[in-house]
Amino acid sequence: MKQIAERYINPQTDFGFKRLFGTEFNKELLISFLNALLTGEQVIKDVTYLNSEQLGERMNSRRAIFDVYCENERGDKFIVEMQNVYQEFFKDRTVYYSTFPIREQAKCGDDWDFHLNAVYTVGLLNFVFDEDKSSPDCYHHEVKLMDVERKTVFYDKLAFIYIEIPKFNKSEAELVTMFDKWMFVLKNLSRLMERPAALQERVFTRLFEQAEIAKFSPQELKLYEDNVKAYRDIMNAIATARKDSREEGRAEGRDEGLAEGRAEGLAEGMEKGRQDAMVETVRNLRSYGMSDAQIAAALKMDAQAVGKIT
């Protein structure tokens, strides 16, 4: 495999994200990030990592798997997930995930008073919500149950935080808050060749030490290389499919001015080529573990049409 040219890992890969935020050894990075994310709402002093694979009540229940699942010293739960590929029902999925740390707090017996610790579900998104594309400056969404009439928070122990990483465009000179600095790291770490002067806090000293690829063991390097290849293949496949879709639309517009016979033959040839490319893209995405539902959402295709591709 070609040697990776970057100096620091990409935190948007599964390996990179879990190395920085998903280990006991680096939990101070997660604590700093969560405190920055919550913008002063609470100060987390410590976290305990929990089993990231939670099972439902029945053996055949669907499993929920999180990138990072932890609790703070008060027992509040945090689910943190990096999501690189658009998924049509992503919000539904995060709501579904939040039910696991809620239900596991239930106590047997009649004396339980239903007291719950808070649950925070954090989605770090490498895409932009369709409904937010016209709001380039709005990339931090904190959602809670609210009283619609009064416009006030009705229940503050259940929060969904969504961060649209592509919208963050601040330069190093514009970094002011810790949230700004963590967003800069999430988006740009793998493109940096040295530690920026703006990131002088002690926690970033540890981050850059842990993120330097040259310090990896041979086993770690192999795992990371495989992870980066899978990540890039998926991103390239999705980008190619979307490009093909755009080009198809432009071609259809040009075809309208052609003679009927010539246009029909040209359109048929283009359609055949587009379909072949789409089939290959679907097969590639399947080989990297994506489900047909995820592929359909990412490529804006009908789920049944994806299912028919073998």
# chains A, B, ... in the order shown; residues from 1 in each chain; ligands from 1

call {"tool": "select_by_dssp", "arguments": {"residues": "segment 118-206 of chain A", "states": "strand (DSSP E)", "output": "ChimeraX atom specification"}}
result
/A:119-125,140-147,152-164

call {"tool": "select_by_dssp", "arguments": {"residues": "segment 100-228 of chain A", "states": "helix (DSSP H, G or I)", "output": "PyMOL selection string"}}
result
chain A and resi 100-103+130-132+165-167+172-174+178-191+202-211+213-215+218-228

call {"tool": "write_last_selection", "arguments": {"atoms": "C-alpha atoms", "output": "short mmCIF file (atom, residue, chain, number, x, y, z; two decimals), in the first residue's frame"}}
result
data_model
loop_
_atom_site.label_atom_id
_atom_site.label_comp_id
_atom_site.auth_asym_id
_atom_site.auth_seq_id
_atom_site.Cartn_x
_atom_site.Cartn_y
_atom_site.Cartn_z
CA PHE A 100 -30.81 2.51 25.23
CA PRO A 101 -29.12 4.59 27.97
CA ILE A 102 -32.58 5.70 29.12
CA ARG A 103 -33.98 2.19 29.48
CA ASP A 130 -30.77 19.25 3.36
CA GLU A 131 -32.93 21.74 5.24
CA ASP A 132 -29.85 23.65 6.46
CA ILE A 165 -18.46 19.88 10.10
CA PRO A 166 -18.35 21.00 6.41
CA LYS A 167 -19.87 24.35 7.36
CA GLU A 172 -6.51 29.68 12.46
CA ALA A 173 -6.51 33.44 13.09
CA GLU A 174 -10.26 33.36 13.79
CA MET A 178 -12.31 25.99 22.71
CA PHE A 179 -15.26 24.93 20.57
CA ASP A 180 -13.71 26.81 17.61
CA LYS A 181 -10.40 25.05 18.21
CA TRP A 182 -11.90 21.58 18.44
CA MET A 183 -13.93 22.16 15.27
CA PHE A 184 -10.74 23.28 13.50
CA VAL A 185 -9.04 20.04 14.62
CA LEU A 186 -11.92 17.82 13.49
CA LYS A 187 -11.96 19.35 10.03
CA ASN A 188 -8.29 20.06 9.36
CA LEU A 189 -6.06 17.77 11.45
CA SER A 190 -5.01 15.46 8.61
CA ARG A 191 -4.10 18.45 6.43
CA ARG A 202 -2.07 21.49 27.16
CA VAL A 203 -4.81 19.18 25.89
CA PHE A 204 -3.72 19.84 22.30
CA THR A 205 -0.15 18.87 23.19
CA ARG A 206 -1.47 15.41 23.97
CA LEU A 207 -3.70 15.39 20.88
CA PHE A 208 -0.87 16.10 18.46
CA GLU A 209 1.33 13.52 20.17
CA GLN A 210 -1.35 10.85 19.77
CA ALA A 211 -2.24 11.90 16.23
CA ILE A 213 1.34 8.79 12.31
CA ALA A 214 5.12 8.38 12.51
CA LYS A 215 4.76 7.20 16.12
CA PRO A 218 3.55 -1.36 12.47
CA GLN A 219 0.24 -2.96 13.51
CA GLU A 220 -1.38 0.43 14.17
CA LEU A 221 -0.09 1.80 10.88
CA LYS A 222 -1.55 -1.15 8.95
CA LEU A 223 -4.93 -0.74 10.63
CA TYR A 224 -4.95 2.98 9.92
CA GLU A 225 -3.89 2.55 6.28
CA ASP A 226 -6.72 0.04 5.71
CA ASN A 227 -9.17 2.37 7.43
CA VAL A 228 -8.10 5.38 5.36
#

call {"tool": "closest_residue", "arguments": {"among": "A:Val43, A:Val95, A:Cys70, A:Ile9", "to": "Glu24 of chain A", "atoms": "only C-alpha atoms"}}
result
A:Cys70

call {"tool": "residues_around", "arguments": {"residues": "Leu29 of chain A", "least_positions_apart": "3", "cutoff": "7 Å", "atoms": "only C-alpha atoms", "output": "VMD selection string"}}
result
chain A and resid 20 to 21 26 32 to 33 203 207

call {"tool": "write_last_selection", "arguments": {"atoms": "N, CA and C atoms", "output": "short mmCIF file (atom, residue, chain, number, x, y, z; two decimals), in the first residue's frame"}}
result
data_model
loop_
_atom_site.label_atom_id
_atom_site.label_comp_id
_atom_site.auth_asym_id
_atom_site.auth_seq_id
_atom_site.Cartn_x
_atom_site.Cartn_y
_atom_site.Cartn_z
N LEU A 20 -8.40 8.96 19.21
CA LEU A 20 -8.35 10.23 19.92
C LEU A 20 -9.36 10.32 21.06
N PHE A 21 -10.56 9.76 20.83
CA PHE A 21 -11.64 9.98 21.79
C PHE A 21 -12.16 8.71 22.47
N ASN A 26 -6.65 8.29 26.46
CA ASN A 26 -6.82 9.63 25.92
C ASN A 26 -8.13 10.28 26.36
N SER A 32 -12.30 17.31 27.32
CA SER A 32 -12.13 18.67 26.81
C SER A 32 -13.11 18.95 25.67
N PHE A 33 -13.24 17.98 24.77
CA PHE A 33 -14.14 18.16 23.63
C PHE A 33 -15.59 18.31 24.09
N VAL A 203 -4.09 20.32 26.44
CA VAL A 203 -4.81 19.18 25.89
C VAL A 203 -4.43 18.94 24.43
N LEU A 207 -3.03 15.76 22.13
CA LEU A 207 -3.70 15.39 20.88
C LEU A 207 -2.70 15.22 19.75
#

call {"tool": "closest_residue", "arguments": {"among": "A:Thr13, A:Asn35, A:Asn72, A:Asn51", "to": "Thr177 of chain A", "atoms": "only C-alpha atoms"}}
result
A:Asn35

call {"tool": "residues_around", "arguments": {"residues": "Glu194 of chain A", "least_positions_apart": "6", "cutoff": "10 Å", "atoms": "only C-alpha atoms", "output": "PyMOL selection string"}}
result
chain A and resi 7-8+208+212

call {"tool": "closest_residue", "arguments": {"among": "A:Leu285, A:Ala159, A:Ala230, A:Ala293", "to": "Ala118 of chain A", "atoms": "only C-alpha atoms"}}
result
A:Ala159

call {"tool": "atom_distance", "arguments": {"atom1": "atom CA of Asp111 of chain A", "atom2": "atom CA of Glu71 of chain A"}}
result
24.2 Å

call {"tool": "closest_residue", "arguments": {"among": "A:Glu88, A:Lys77, A:Ser287, A:Tyr49", "to": "Asp302 of chain A", "atoms": "only C-alpha atoms"}}
result
A:Glu88

call {"tool": "atom_distance", "arguments": {"atom1": "atom CA of Asp92 of chain A", "atom2": "atom CA of Cys108 of chain A"}}
result
28.5 Å

call {"tool": "atom_distance", "arguments": {"atom1": "atom CA of Lys157 of chain A", "atom2": "atom CA of Gln83 of chain A"}}
result
23.4 Å

call {"tool": "closest_residue", "arguments": {"among": "A:Asp46, A:Val68, A:Thr310, A:Glu6", "to": "Lys18 of chain A", "atoms": "only C-alpha atoms"}}
result
A:Val68
